[in-house]
$ cat coords.pdb   # PDB, C-alpha atoms
ATOM      1  CA  GLY C   7       1.391 -21.888 -10.331  1.00  0.00           C
ATOM      2  CA  GLU C   8       5.169 -21.697 -10.532  1.00  0.00           C
ATOM      3  CA  ASN C   9       7.006 -23.093 -13.555  1.00  0.00           C
ATOM      4  CA  VAL C  10      10.766 -23.706 -13.478  1.00  0.00           C
ATOM      5  CA  GLU C  11      12.766 -24.342 -16.635  1.00  0.00           C
ATOM      6  CA  GLN C  12      16.304 -25.743 -16.368  1.00  0.00           C
ATOM      7  CA  HIS C  13      19.055 -25.950 -18.986  1.00  0.00           C
ATOM      8  CA  PRO C  14      20.977 -27.801 -20.191  1.00  0.00           C
ATOM      9  CA  SER C  15      19.582 -31.271 -19.551  1.00  0.00           C
ATOM     10  CA  THR C  16      23.072 -32.770 -19.928  1.00  0.00           C
ATOM     11  CA  LEU C  17      26.450 -31.108 -19.411  1.00  0.00           C
ATOM     12  CA  SER C  18      29.745 -32.820 -20.104  1.00  0.00           C
ATOM     13  CA  VAL C  19      33.014 -31.151 -19.024  1.00  0.00           C
ATOM     14  CA  GLN C  20      36.643 -32.032 -18.477  1.00  0.00           C
ATOM     15  CA  GLU C  21      38.024 -32.146 -14.958  1.00  0.00           C
ATOM     16  CA  GLY C  22      39.132 -28.661 -13.924  1.00  0.00           C
ATOM     17  CA  ASP C  23      36.721 -26.855 -16.243  1.00  0.00           C
ATOM     18  CA  SER C  24      33.814 -24.729 -15.018  1.00  0.00           C
ATOM     19  CA  ALA C  25      30.159 -25.751 -15.310  1.00  0.00           C
ATOM     20  CA  VAL C  26      27.145 -23.466 -15.452  1.00  0.00           C
ATOM     21  CA  ILE C  27      23.500 -24.533 -15.075  1.00  0.00           C
ATOM     22  CA  LYS C  28      20.728 -22.042 -15.714  1.00  0.00           C
ATOM     23  CA  CYS C  29      17.126 -21.854 -14.511  1.00  0.00           C
ATOM     24  CA  THR C  30      14.209 -19.537 -15.125  1.00  0.00           C
ATOM     25  CA  TYR C  31      11.048 -19.190 -13.066  1.00  0.00           C
ATOM     26  CA  SER C  32       7.652 -17.673 -13.725  1.00  0.00           C
ATOM     27  CA  ASP C  33       6.185 -16.583 -10.365  1.00  0.00           C
ATOM     28  CA  SER C  34       7.467 -13.158  -9.310  1.00  0.00           C
ATOM     29  CA  ALA C  35       6.486 -13.993  -5.707  1.00  0.00           C
ATOM     30  CA  SER C  36       9.201 -16.657  -5.490  1.00  0.00           C
ATOM     31  CA  ASN C  37      11.932 -15.553  -3.108  1.00  0.00           C
ATOM     32  CA  TYR C  38      13.852 -18.702  -2.144  1.00  0.00           C
ATOM     33  CA  PHE C  39      15.957 -20.645  -4.655  1.00  0.00           C
ATOM     34  CA  PRO C  40      17.708 -23.832  -3.491  1.00  0.00           C
ATOM     35  CA  TRP C  41      19.978 -26.094  -5.540  1.00  0.00           C
ATOM     36  CA  TYR C  42      20.156 -29.821  -4.966  1.00  0.00           C
ATOM     37  CA  LYS C  43      22.664 -32.493  -6.011  1.00  0.00           C
ATOM     38  CA  GLN C  44      21.360 -36.018  -6.493  1.00  0.00           C
ATOM     39  CA  GLU C  45      23.746 -38.934  -6.831  1.00  0.00           C
ATOM     40  CA  LEU C  46      22.661 -42.285  -8.180  1.00  0.00           C
ATOM     41  CA  GLY C  47      20.455 -44.152  -5.707  1.00  0.00           C
ATOM     42  CA  LYS C  48      20.295 -41.281  -3.233  1.00  0.00           C
ATOM     43  CA  GLY C  49      17.927 -38.497  -2.327  1.00  0.00           C
ATOM     44  CA  PRO C  50      18.599 -34.871  -3.345  1.00  0.00           C
ATOM     45  CA  GLN C  51      21.167 -33.069  -1.178  1.00  0.00           C
ATOM     46  CA  LEU C  52      20.866 -29.322  -0.580  1.00  0.00           C
ATOM     47  CA  ILE C  53      24.169 -27.806  -1.711  1.00  0.00           C
ATOM     48  CA  ILE C  54      23.505 -24.072  -1.786  1.00  0.00           C
ATOM     49  CA  ASP C  55      20.580 -21.650  -1.777  1.00  0.00           C
ATOM     50  CA  ILE C  56      19.915 -17.981  -2.391  1.00  0.00           C
ATOM     51  CA  ARG C  57      17.187 -15.582  -1.323  1.00  0.00           C
ATOM     52  CA  SER C  58      15.717 -12.713  -3.279  1.00  0.00           C
ATOM     53  CA  ASN C  59      17.461 -10.027  -1.236  1.00  0.00           C
ATOM     54  CA  VAL C  60      20.868 -11.313  -2.402  1.00  0.00           C
ATOM     55  CA  GLY C  61      22.314 -11.261  -5.921  1.00  0.00           C
ATOM     56  CA  GLU C  62      25.133 -13.749  -5.472  1.00  0.00           C
ATOM     57  CA  LYS C  63      26.308 -16.312  -2.950  1.00  0.00           C
ATOM     58  CA  LYS C  64      29.492 -18.394  -2.889  1.00  0.00           C
ATOM     59  CA  ASP C  65      30.568 -21.487  -1.014  1.00  0.00           C
ATOM     60  CA  GLN C  66      34.046 -22.689  -1.949  1.00  0.00           C
ATOM     61  CA  ARG C  67      33.844 -23.961  -5.564  1.00  0.00           C
ATOM     62  CA  ILE C  68      30.123 -23.327  -6.035  1.00  0.00           C
ATOM     63  CA  ALA C  69      28.268 -20.070  -6.499  1.00  0.00           C
ATOM     64  CA  VAL C  70      24.733 -19.034  -7.321  1.00  0.00           C
ATOM     65  CA  THR C  71      23.553 -15.841  -8.972  1.00  0.00           C
ATOM     66  CA  LEU C  72      20.031 -14.442  -9.071  1.00  0.00           C
ATOM     67  CA  ASN C  73      18.505 -11.886 -11.414  1.00  0.00           C
ATOM     68  CA  LYS C  74      15.020 -11.127 -10.084  1.00  0.00           C
ATOM     69  CA  THR C  75      14.177  -8.737 -12.888  1.00  0.00           C
ATOM     70  CA  ALA C  76      14.810 -11.368 -15.523  1.00  0.00           C
ATOM     71  CA  LYS C  77      13.539 -14.186 -13.280  1.00  0.00           C
ATOM     72  CA  HIS C  78      16.581 -16.372 -13.746  1.00  0.00           C
ATOM     73  CA  PHE C  79      19.205 -17.878 -11.505  1.00  0.00           C
ATOM     74  CA  SER C  80      22.321 -19.936 -12.176  1.00  0.00           C
ATOM     75  CA  LEU C  81      24.654 -22.416 -10.498  1.00  0.00           C
ATOM     76  CA  HIS C  82      28.373 -22.083 -11.174  1.00  0.00           C
ATOM     77  CA  ILE C  83      30.846 -24.847 -10.306  1.00  0.00           C
ATOM     78  CA  THR C  84      34.534 -24.049 -10.745  1.00  0.00           C
ATOM     79  CA  GLU C  85      37.467 -26.475 -10.917  1.00  0.00           C
ATOM     80  CA  THR C  86      35.135 -29.414 -11.462  1.00  0.00           C
ATOM     81  CA  GLN C  87      36.116 -32.816 -10.100  1.00  0.00           C
ATOM     82  CA  PRO C  88      34.859 -36.311 -11.022  1.00  0.00           C
ATOM     83  CA  GLU C  89      32.948 -36.460  -7.730  1.00  0.00           C
ATOM     84  CA  ASP C  90      30.875 -33.487  -8.914  1.00  0.00           C
ATOM     85  CA  SER C  91      29.241 -35.852 -11.432  1.00  0.00           C
ATOM     86  CA  ALA C  92      25.566 -36.083 -10.486  1.00  0.00           C
ATOM     87  CA  VAL C  93      22.136 -34.699 -11.396  1.00  0.00           C
ATOM     88  CA  TYR C  94      21.587 -31.125 -10.241  1.00  0.00           C
ATOM     89  CA  PHE C  95      18.137 -29.634  -9.622  1.00  0.00           C
ATOM     90  CA  CYS C  96      17.138 -26.031  -9.193  1.00  0.00           C
ATOM     91  CA  ALA C  97      13.947 -25.035  -7.414  1.00  0.00           C
ATOM     92  CA  ALA C  98      11.917 -21.915  -6.703  1.00  0.00           C
ATOM     93  CA  SER C  99       9.520 -21.259  -3.844  1.00  0.00           C
ATOM     94  CA  HIS C 100       7.943 -18.660  -1.613  1.00  0.00           C
ATOM     95  CA  ALA C 101       6.295 -18.780   1.783  1.00  0.00           C
ATOM     96  CA  SER C 102       2.563 -19.471   1.614  1.00  0.00           C
ATOM     97  CA  GLY C 103       0.773 -19.764   4.943  1.00  0.00           C
ATOM     98  CA  GLY C 104       4.191 -20.066   6.538  1.00  0.00           C
ATOM     99  CA  SER C 105       5.243 -23.003   4.356  1.00  0.00           C
ATOM    100  CA  TYR C 106       7.715 -23.158   1.493  1.00  0.00           C
ATOM    101  CA  ILE C 107       6.747 -25.620  -1.238  1.00  0.00           C
ATOM    102  CA  PRO C 108       9.409 -25.700  -3.948  1.00  0.00           C
ATOM    103  CA  THR C 109       8.827 -26.284  -7.637  1.00  0.00           C
ATOM    104  CA  PHE C 110      11.747 -28.166  -9.182  1.00  0.00           C
ATOM    105  CA  GLY C 111      13.340 -28.008 -12.596  1.00  0.00           C
ATOM    106  CA  ARG C 112      13.790 -31.189 -14.627  1.00  0.00           C
ATOM    107  CA  GLY C 113      17.428 -31.568 -13.688  1.00  0.00           C
ATOM    108  CA  THR C 114      20.854 -31.360 -15.324  1.00  0.00           C
ATOM    109  CA  SER C 115      23.052 -34.431 -15.574  1.00  0.00           C
ATOM    110  CA  LEU C 116      26.629 -33.208 -15.048  1.00  0.00           C
ATOM    111  CA  ILE C 117      29.386 -35.513 -16.226  1.00  0.00           C
ATOM    112  CA  VAL C 118      32.971 -34.622 -15.312  1.00  0.00           C
ATOM    113  CA  HIS C 119      35.555 -36.549 -17.299  1.00  0.00           C
ATOM    114  CA  PRO C 120      38.897 -37.242 -15.551  1.00  0.00           C
TER     115      PRO C 120
ATOM    116  CA  ASP T  22      23.033 -36.659  13.783  1.00  0.00           C
ATOM    117  CA  ALA T  23      20.733 -38.966  11.859  1.00  0.00           C
ATOM    118  CA  GLY T  24      19.272 -37.590   8.689  1.00  0.00           C
ATOM    119  CA  VAL T  25      15.831 -38.249   7.280  1.00  0.00           C
ATOM    120  CA  THR T  26      15.098 -41.967   7.217  1.00  0.00           C
ATOM    121  CA  GLN T  27      12.598 -43.748   4.996  1.00  0.00           C
ATOM    122  CA  SER T  28      11.308 -47.289   4.856  1.00  0.00           C
ATOM    123  CA  PRO T  29      11.196 -49.539   3.028  1.00  0.00           C
ATOM    124  CA  THR T  30      14.055 -48.929   0.592  1.00  0.00           C
ATOM    125  CA  HIS T  31      12.444 -50.835  -2.242  1.00  0.00           C
ATOM    126  CA  LEU T  32       8.959 -52.178  -2.770  1.00  0.00           C
ATOM    127  CA  ILE T  33       7.267 -54.174  -5.520  1.00  0.00           C
ATOM    128  CA  LYS T  34       3.477 -54.140  -5.692  1.00  0.00           C
ATOM    129  CA  THR T  35       0.812 -55.299  -8.107  1.00  0.00           C
ATOM    130  CA  ARG T  36      -1.738 -53.036  -9.775  1.00  0.00           C
ATOM    131  CA  GLY T  37      -4.754 -52.416  -7.539  1.00  0.00           C
ATOM    132  CA  GLN T  38      -2.878 -53.020  -4.292  1.00  0.00           C
ATOM    133  CA  HIS T  39      -2.294 -50.536  -1.507  1.00  0.00           C
ATOM    134  CA  VAL T  40       1.071 -49.310  -0.208  1.00  0.00           C
ATOM    135  CA  THR T  41       2.256 -47.457   2.922  1.00  0.00           C
ATOM    136  CA  LEU T  42       5.570 -45.622   2.965  1.00  0.00           C
ATOM    137  CA  ARG T  43       7.166 -44.304   6.146  1.00  0.00           C
ATOM    138  CA  CYS T  44       9.395 -41.369   7.004  1.00  0.00           C
ATOM    139  CA  SER T  45      11.179 -40.144  10.117  1.00  0.00           C
ATOM    140  CA  PRO T  46      12.353 -36.520  10.015  1.00  0.00           C
ATOM    141  CA  ILE T  47      15.566 -35.042  11.353  1.00  0.00           C
ATOM    142  CA  SER T  48      15.387 -34.555  15.115  1.00  0.00           C
ATOM    143  CA  GLY T  49      13.870 -31.157  15.852  1.00  0.00           C
ATOM    144  CA  HIS T  50      12.188 -30.828  12.467  1.00  0.00           C
ATOM    145  CA  LYS T  51       8.425 -30.547  12.693  1.00  0.00           C
ATOM    146  CA  SER T  52       7.507 -30.340   9.022  1.00  0.00           C
ATOM    147  CA  VAL T  53       7.484 -33.247   6.581  1.00  0.00           C
ATOM    148  CA  SER T  54       6.893 -33.124   2.841  1.00  0.00           C
ATOM    149  CA  TRP T  55       6.374 -35.931   0.348  1.00  0.00           C
ATOM    150  CA  TYR T  56       7.482 -35.905  -3.290  1.00  0.00           C
ATOM    151  CA  GLN T  57       7.191 -38.264  -6.249  1.00  0.00           C
ATOM    152  CA  GLN T  58      10.188 -38.444  -8.581  1.00  0.00           C
ATOM    153  CA  VAL T  59       9.701 -40.171 -11.899  1.00  0.00           C
ATOM    154  CA  LEU T  60      12.861 -41.201 -13.748  1.00  0.00           C
ATOM    155  CA  GLY T  61      14.404 -38.275 -15.581  1.00  0.00           C
ATOM    156  CA  GLN T  62      12.361 -35.590 -13.832  1.00  0.00           C
ATOM    157  CA  GLY T  63      12.540 -33.405 -10.771  1.00  0.00           C
ATOM    158  CA  PRO T  64      10.601 -34.181  -7.592  1.00  0.00           C
ATOM    159  CA  GLN T  65       6.878 -33.396  -7.764  1.00  0.00           C
ATOM    160  CA  PHE T  66       5.230 -32.151  -4.585  1.00  0.00           C
ATOM    161  CA  ILE T  67       2.512 -34.386  -3.085  1.00  0.00           C
ATOM    162  CA  PHE T  68       1.883 -33.261   0.523  1.00  0.00           C
ATOM    163  CA  GLN T  69       3.300 -31.129   3.294  1.00  0.00           C
ATOM    164  CA  TYR T  70       2.485 -31.573   6.982  1.00  0.00           C
ATOM    165  CA  TYR T  71       3.355 -29.452   9.962  1.00  0.00           C
ATOM    166  CA  GLU T  72       2.377 -30.293  13.529  1.00  0.00           C
ATOM    167  CA  LYS T  73       0.050 -33.029  12.190  1.00  0.00           C
ATOM    168  CA  GLU T  74      -1.852 -30.537  10.033  1.00  0.00           C
ATOM    169  CA  GLU T  75      -1.856 -30.662   6.246  1.00  0.00           C
ATOM    170  CA  ARG T  76      -0.239 -27.456   4.989  1.00  0.00           C
ATOM    171  CA  GLY T  77      -0.213 -28.176   1.274  1.00  0.00           C
ATOM    172  CA  ARG T  78      -1.362 -30.666  -1.316  1.00  0.00           C
ATOM    173  CA  GLY T  79      -0.068 -31.085  -4.848  1.00  0.00           C
ATOM    174  CA  ASN T  80      -1.932 -32.107  -7.963  1.00  0.00           C
ATOM    175  CA  PHE T  81      -2.326 -35.797  -7.139  1.00  0.00           C
ATOM    176  CA  PRO T  82      -5.512 -37.916  -7.078  1.00  0.00           C
ATOM    177  CA  ASP T  83      -7.386 -38.798  -3.904  1.00  0.00           C
ATOM    178  CA  ARG T  84      -5.774 -42.240  -4.004  1.00  0.00           C
ATOM    179  CA  PHE T  85      -2.838 -40.510  -2.331  1.00  0.00           C
ATOM    180  CA  SER T  86      -3.154 -39.658   1.355  1.00  0.00           C
ATOM    181  CA  ALA T  87      -0.792 -38.958   4.215  1.00  0.00           C
ATOM    182  CA  ARG T  88      -0.665 -38.257   7.890  1.00  0.00           C
ATOM    183  CA  GLN T  89       1.798 -37.059  10.493  1.00  0.00           C
ATOM    184  CA  PHE T  90       2.123 -38.504  13.966  1.00  0.00           C
ATOM    185  CA  PRO T  91       2.789 -36.762  17.333  1.00  0.00           C
ATOM    186  CA  ASN T  92       6.503 -37.682  17.045  1.00  0.00           C
ATOM    187  CA  TYR T  93       6.528 -35.882  13.629  1.00  0.00           C
ATOM    188  CA  SER T  94       7.073 -39.074  11.639  1.00  0.00           C
ATOM    189  CA  SER T  95       4.808 -39.494   8.642  1.00  0.00           C
ATOM    190  CA  GLU T  96       3.142 -42.062   6.409  1.00  0.00           C
ATOM    191  CA  LEU T  97       2.211 -41.789   2.740  1.00  0.00           C
ATOM    192  CA  ASN T  98      -0.552 -44.111   1.583  1.00  0.00           C
ATOM    193  CA  VAL T  99      -1.418 -44.899  -2.003  1.00  0.00           C
ATOM    194  CA  ASN T 100      -4.539 -46.930  -2.836  1.00  0.00           C
ATOM    195  CA  ALA T 101      -5.499 -48.760  -6.024  1.00  0.00           C
ATOM    196  CA  LEU T 102      -1.968 -48.655  -7.415  1.00  0.00           C
ATOM    197  CA  LEU T 103      -1.475 -47.958 -11.112  1.00  0.00           C
ATOM    198  CA  LEU T 104       1.558 -48.727 -13.266  1.00  0.00           C
ATOM    199  CA  GLY T 105       2.161 -44.974 -13.456  1.00  0.00           C
ATOM    200  CA  ASP T 106       2.684 -44.810  -9.700  1.00  0.00           C
ATOM    201  CA  SER T 107       6.060 -46.481 -10.170  1.00  0.00           C
ATOM    202  CA  ALA T 108       8.568 -43.895  -8.979  1.00  0.00           C
ATOM    203  CA  LEU T 109      10.990 -42.860  -6.252  1.00  0.00           C
ATOM    204  CA  TYR T 110       9.034 -41.437  -3.320  1.00  0.00           C
ATOM    205  CA  LEU T 111      10.989 -38.888  -1.353  1.00  0.00           C
ATOM    206  CA  CYS T 112      10.385 -37.493   2.083  1.00  0.00           C
ATOM    207  CA  ALA T 113      11.881 -34.174   3.163  1.00  0.00           C
ATOM    208  CA  SER T 114      11.928 -32.576   6.581  1.00  0.00           C
ATOM    209  CA  SER T 115      12.343 -28.942   7.520  1.00  0.00           C
ATOM    210  CA  LEU T 116      12.445 -26.727  10.560  1.00  0.00           C
ATOM    211  CA  PRO T 117       9.277 -25.097  11.845  1.00  0.00           C
ATOM    212  CA  THR T 118       7.560 -22.951   9.272  1.00  0.00           C
ATOM    213  CA  GLY T 119       8.789 -19.435   8.881  1.00  0.00           C
ATOM    214  CA  THR T 120      12.419 -20.328   9.443  1.00  0.00           C
ATOM    215  CA  GLY T 121      13.499 -20.251   5.838  1.00  0.00           C
ATOM    216  CA  GLY T 122      12.394 -23.079   3.611  1.00  0.00           C
ATOM    217  CA  GLU T 123      15.419 -25.399   3.657  1.00  0.00           C
ATOM    218  CA  GLN T 124      14.320 -28.977   3.088  1.00  0.00           C
ATOM    219  CA  TYR T 125      16.442 -32.057   3.710  1.00  0.00           C
ATOM    220  CA  PHE T 126      15.629 -35.198   1.783  1.00  0.00           C
ATOM    221  CA  GLY T 127      15.773 -38.834   2.742  1.00  0.00           C
ATOM    222  CA  PRO T 128      17.116 -41.552   0.424  1.00  0.00           C
ATOM    223  CA  GLY T 129      13.657 -42.362  -0.889  1.00  0.00           C
ATOM    224  CA  THR T 130      11.556 -45.479  -1.386  1.00  0.00           C
ATOM    225  CA  ARG T 131      11.683 -47.037  -4.844  1.00  0.00           C
ATOM    226  CA  LEU T 132       8.176 -48.288  -5.675  1.00  0.00           C
ATOM    227  CA  THR T 133       7.662 -50.585  -8.631  1.00  0.00           C
ATOM    228  CA  VAL T 134       4.105 -51.438  -9.668  1.00  0.00           C
ATOM    229  CA  THR T 135       3.711 -54.467 -11.947  1.00  0.00           C
TER     230      THR T 135
END
$ encode --input "coords.pdb" --output "structure tokens"
Amino acid sequence: GENVEQHPSTLSVQEGDSAVIKCTYSDSASNYFPWYKQELGKGPQLIIDIRSNVGEKKDQRIAVTLNKTAKHFSLHITETQPEDSAVYFCAASHASGGSYIPTFGRGTSLIVHP
Amino acid sequence: DAGVTQSPTHLIKTRGQHVTLRCSPISGHKSVSWYQQVLGQGPQFIFQYYEKEERGRGNFPDRFSARQFPNYSSELNVNALLLGDSALYLCASSLPTGTGGEQYFGPGTRLTVT
């Protein structure tokens, strides 16, 4: 089955700095890579995703990159703000029988200091 | 529009008891997935249902079961509770299969087994 590794487990930055979270996956069939943000006491919120036919995707201050050859993908957050503080999860999945069942990484706790 | 709703929010049970958790998907979403999230880890896939049919099952014992109703809401049942079942149980809904894989999570049910 799929195995997703995520690093670092904790990331502490100053407000305004950039943050980068990296993930690797094992199953070459995976073709859909979502990123989720989970705040304390809440469920994960889909913030951005990327598919295997795209190398990079941006949405305002966040961007994701994908290297299918190396089987790794990354989340980039620029101009970090205190409200970006949360746990971020990467995931990898592919359609099987018409269904996508993601495998999640262990999460990165991002702390943005004012 | 209402997001995914789950009930109850919190639940305390004793070892050996049974529990039923409930989920209502986003309007128009026909697929529901259940995940277990232990503190400090990413969500672990338990079940996926689409149009009342089981589409996937994770590596969980037979004590875990689920079903989906004609209105696409779903129940997760856990029998003979163990201390290790203490976790946040998340429900996610998605559009009909084949439309891309995006899953939207509810706030979760916090289950504590004593």
$ residues_around --input "coords.pdb" --residues "segment 33-41 of chain T" --least-positions-apart "5" --cutoff "7 Å" --atoms "only C-alpha atoms" --output "ChimeraX atom specification"
/T:96-104,132-135
$ atom_distance --input "coords.pdb" --atom1 "atom CA of Glu11 of chain C" --atom2 "atom CA of Gly47 of chain C"
23.9 Å
$ resolve_selection --input "coords.pdb" --expression "the ChimeraX specification (/C :<10) & /T" --output "PDB file with C-alpha atoms, in the coordinates of the input"
ATOM      1  CA  VAL T  25      15.831 -38.249   7.280  1.00  0.00           C
ATOM      2  CA  SER T  52       7.507 -30.340   9.022  1.00  0.00           C
ATOM      3  CA  SER T  54       6.893 -33.124   2.841  1.00  0.00           C
ATOM      4  CA  GLN T  58      10.188 -38.444  -8.581  1.00  0.00           C
ATOM      5  CA  GLY T  61      14.404 -38.275 -15.581  1.00  0.00           C
ATOM      6  CA  GLN T  62      12.361 -35.590 -13.832  1.00  0.00           C
ATOM      7  CA  GLY T  63      12.540 -33.405 -10.771  1.00  0.00           C
ATOM      8  CA  PRO T  64      10.601 -34.181  -7.592  1.00  0.00           C
ATOM      9  CA  GLN T  65       6.878 -33.396  -7.764  1.00  0.00           C
ATOM     10  CA  PHE T  66       5.230 -32.151  -4.585  1.00  0.00           C
ATOM     11  CA  ILE T  67       2.512 -34.386  -3.085  1.00  0.00           C
ATOM     12  CA  PHE T  68       1.883 -33.261   0.523  1.00  0.00           C
ATOM     13  CA  GLN T  69       3.300 -31.129   3.294  1.00  0.00           C
ATOM     14  CA  TYR T  70       2.485 -31.573   6.982  1.00  0.00           C
ATOM     15  CA  TYR T  71       3.355 -29.452   9.962  1.00  0.00           C
ATOM     16  CA  ARG T  76      -0.239 -27.456   4.989  1.00  0.00           C
ATOM     17  CA  GLY T  77      -0.213 -28.176   1.274  1.00  0.00           C
ATOM     18  CA  ARG T  78      -1.362 -30.666  -1.316  1.00  0.00           C
ATOM     19  CA  GLY T  79      -0.068 -31.085  -4.848  1.00  0.00           C
ATOM     20  CA  LEU T 109      10.990 -42.860  -6.252  1.00  0.00           C
ATOM     21  CA  TYR T 110       9.034 -41.437  -3.320  1.00  0.00           C
ATOM     22  CA  LEU T 111      10.989 -38.888  -1.353  1.00  0.00           C
ATOM     23  CA  CYS T 112      10.385 -37.493   2.083  1.00  0.00           C
ATOM     24  CA  ALA T 113      11.881 -34.174   3.163  1.00  0.00           C
ATOM     25  CA  SER T 115      12.343 -28.942   7.520  1.00  0.00           C
ATOM     26  CA  PRO T 117       9.277 -25.097  11.845  1.00  0.00           C
ATOM     27  CA  THR T 118       7.560 -22.951   9.272  1.00  0.00           C
ATOM     28  CA  GLY T 119       8.789 -19.435   8.881  1.00  0.00           C
ATOM     29  CA  THR T 120      12.419 -20.328   9.443  1.00  0.00           C
ATOM     30  CA  GLY T 121      13.499 -20.251   5.838  1.00  0.00           C
ATOM     31  CA  GLY T 122      12.394 -23.079   3.611  1.00  0.00           C
ATOM     32  CA  GLU T 123      15.419 -25.399   3.657  1.00  0.00           C
ATOM     33  CA  GLN T 124      14.320 -28.977   3.088  1.00  0.00           C
ATOM     34  CA  TYR T 125      16.442 -32.057   3.710  1.00  0.00           C
ATOM     35  CA  PHE T 126      15.629 -35.198   1.783  1.00  0.00           C
ATOM     36  CA  GLY T 127      15.773 -38.834   2.742  1.00  0.00           C
ATOM     37  CA  PRO T 128      17.116 -41.552   0.424  1.00  0.00           C
ATOM     38  CA  GLY T 129      13.657 -42.362  -0.889  1.00  0.00           C
ATOM     39  CA  THR T 130      11.556 -45.479  -1.386  1.00  0.00           C
ATOM     40  CA  ARG T 131      11.683 -47.037  -4.844  1.00  0.00           C
TER      41      ARG T 131
END
$ residues_near_point --input "coords.pdb" --point "(27.2, -20.7, -8.3)" --cutoff "10 Å" --atoms "all atoms listed in the file" --output "list in words"
Ala25, Val26, Ile27, Lys28, Trp41, Ile54, Asp55, Ile56, Glu62, Lys63, Lys64, Asp65, Gln66, Arg67, Ile68, Ala69, Val70, Thr71, Leu72, Phe79, Ser80, Leu81, His82, Ile83 and Thr84 of chain C
$ atom_distance --input "coords.pdb" --atom1 "atom CA of Ala23 of chain T" --atom2 "atom CA of Lys43 of chain C"
19.1 Å
$ residues_around --input "coords.pdb" --residues "segment 90-93 of chain T" --least-positions-apart "5" --cutoff "8 Å" --atoms "only C-alpha atoms" --output "PDB file with C-alpha atoms, keeping the file's coordinate frame"
ATOM      1  CA  SER T  45      11.179 -40.144  10.117  1.00  0.00           C
ATOM      2  CA  PRO T  46      12.353 -36.520  10.015  1.00  0.00           C
ATOM      3  CA  HIS T  50      12.188 -30.828  12.467  1.00  0.00           C
ATOM      4  CA  LYS T  51       8.425 -30.547  12.693  1.00  0.00           C
ATOM      5  CA  SER T  52       7.507 -30.340   9.022  1.00  0.00           C
ATOM      6  CA  VAL T  53       7.484 -33.247   6.581  1.00  0.00           C
ATOM      7  CA  GLU T  72       2.377 -30.293  13.529  1.00  0.00           C
ATOM      8  CA  LYS T  73       0.050 -33.029  12.190  1.00  0.00           C
TER       9      LYS T  73
END
$ resolve_selection --input "coords.pdb" --expression "the PyMOL selection byres ((chain C and resi 85) around 6)" --output "PyMOL selection string"
chain C and resi 22-24+84+86
$ atom_distance --input "coords.pdb" --atom1 "atom CA of Val118 of chain C" --atom2 "atom CA of Thr30 of chain C"
24.1 Å
$ resolve_selection --input "coords.pdb" --expression "the PyMOL selection byres ((chain C and resi 88-91) around 6)" --output "list in words"
Gln87, Ala92, Leu116, Ile117 and Val118 of chain C
$ write_last_selection --input "coords.pdb" --atoms "C-alpha atoms" --output "PDB file, in the coordinates of the input"
ATOM      1  CA  GLN C  87      36.116 -32.816 -10.100  1.00  0.00           C
ATOM      2  CA  ALA C  92      25.566 -36.083 -10.486  1.00  0.00           C
ATOM      3  CA  LEU C 116      26.629 -33.208 -15.048  1.00  0.00           C
ATOM      4  CA  ILE C 117      29.386 -35.513 -16.226  1.00  0.00           C
ATOM      5  CA  VAL C 118      32.971 -34.622 -15.312  1.00  0.00           C
TER       6      VAL C 118
END
$ closest_residue --input "coords.pdb" --among "C:Val60, C:Ile53, C:Ala98, C:Leu46" --to "Leu60 of chain T" --atoms "only C-alpha atoms"
C:Leu46
$ closest_residue --input "coords.pdb" --among "C:Cys29, C:Ala35, C:Lys74, C:Val19" --to "Gly7 of chain C" --atoms "only C-alpha atoms"
C:Ala35
$ closest_residue --input "coords.pdb" --among "T:Arg88, T:Thr26, T:Gly105, T:Tyr56" --to "Glu74 of chain T" --atoms "all atoms listed in the file"
T:Arg88
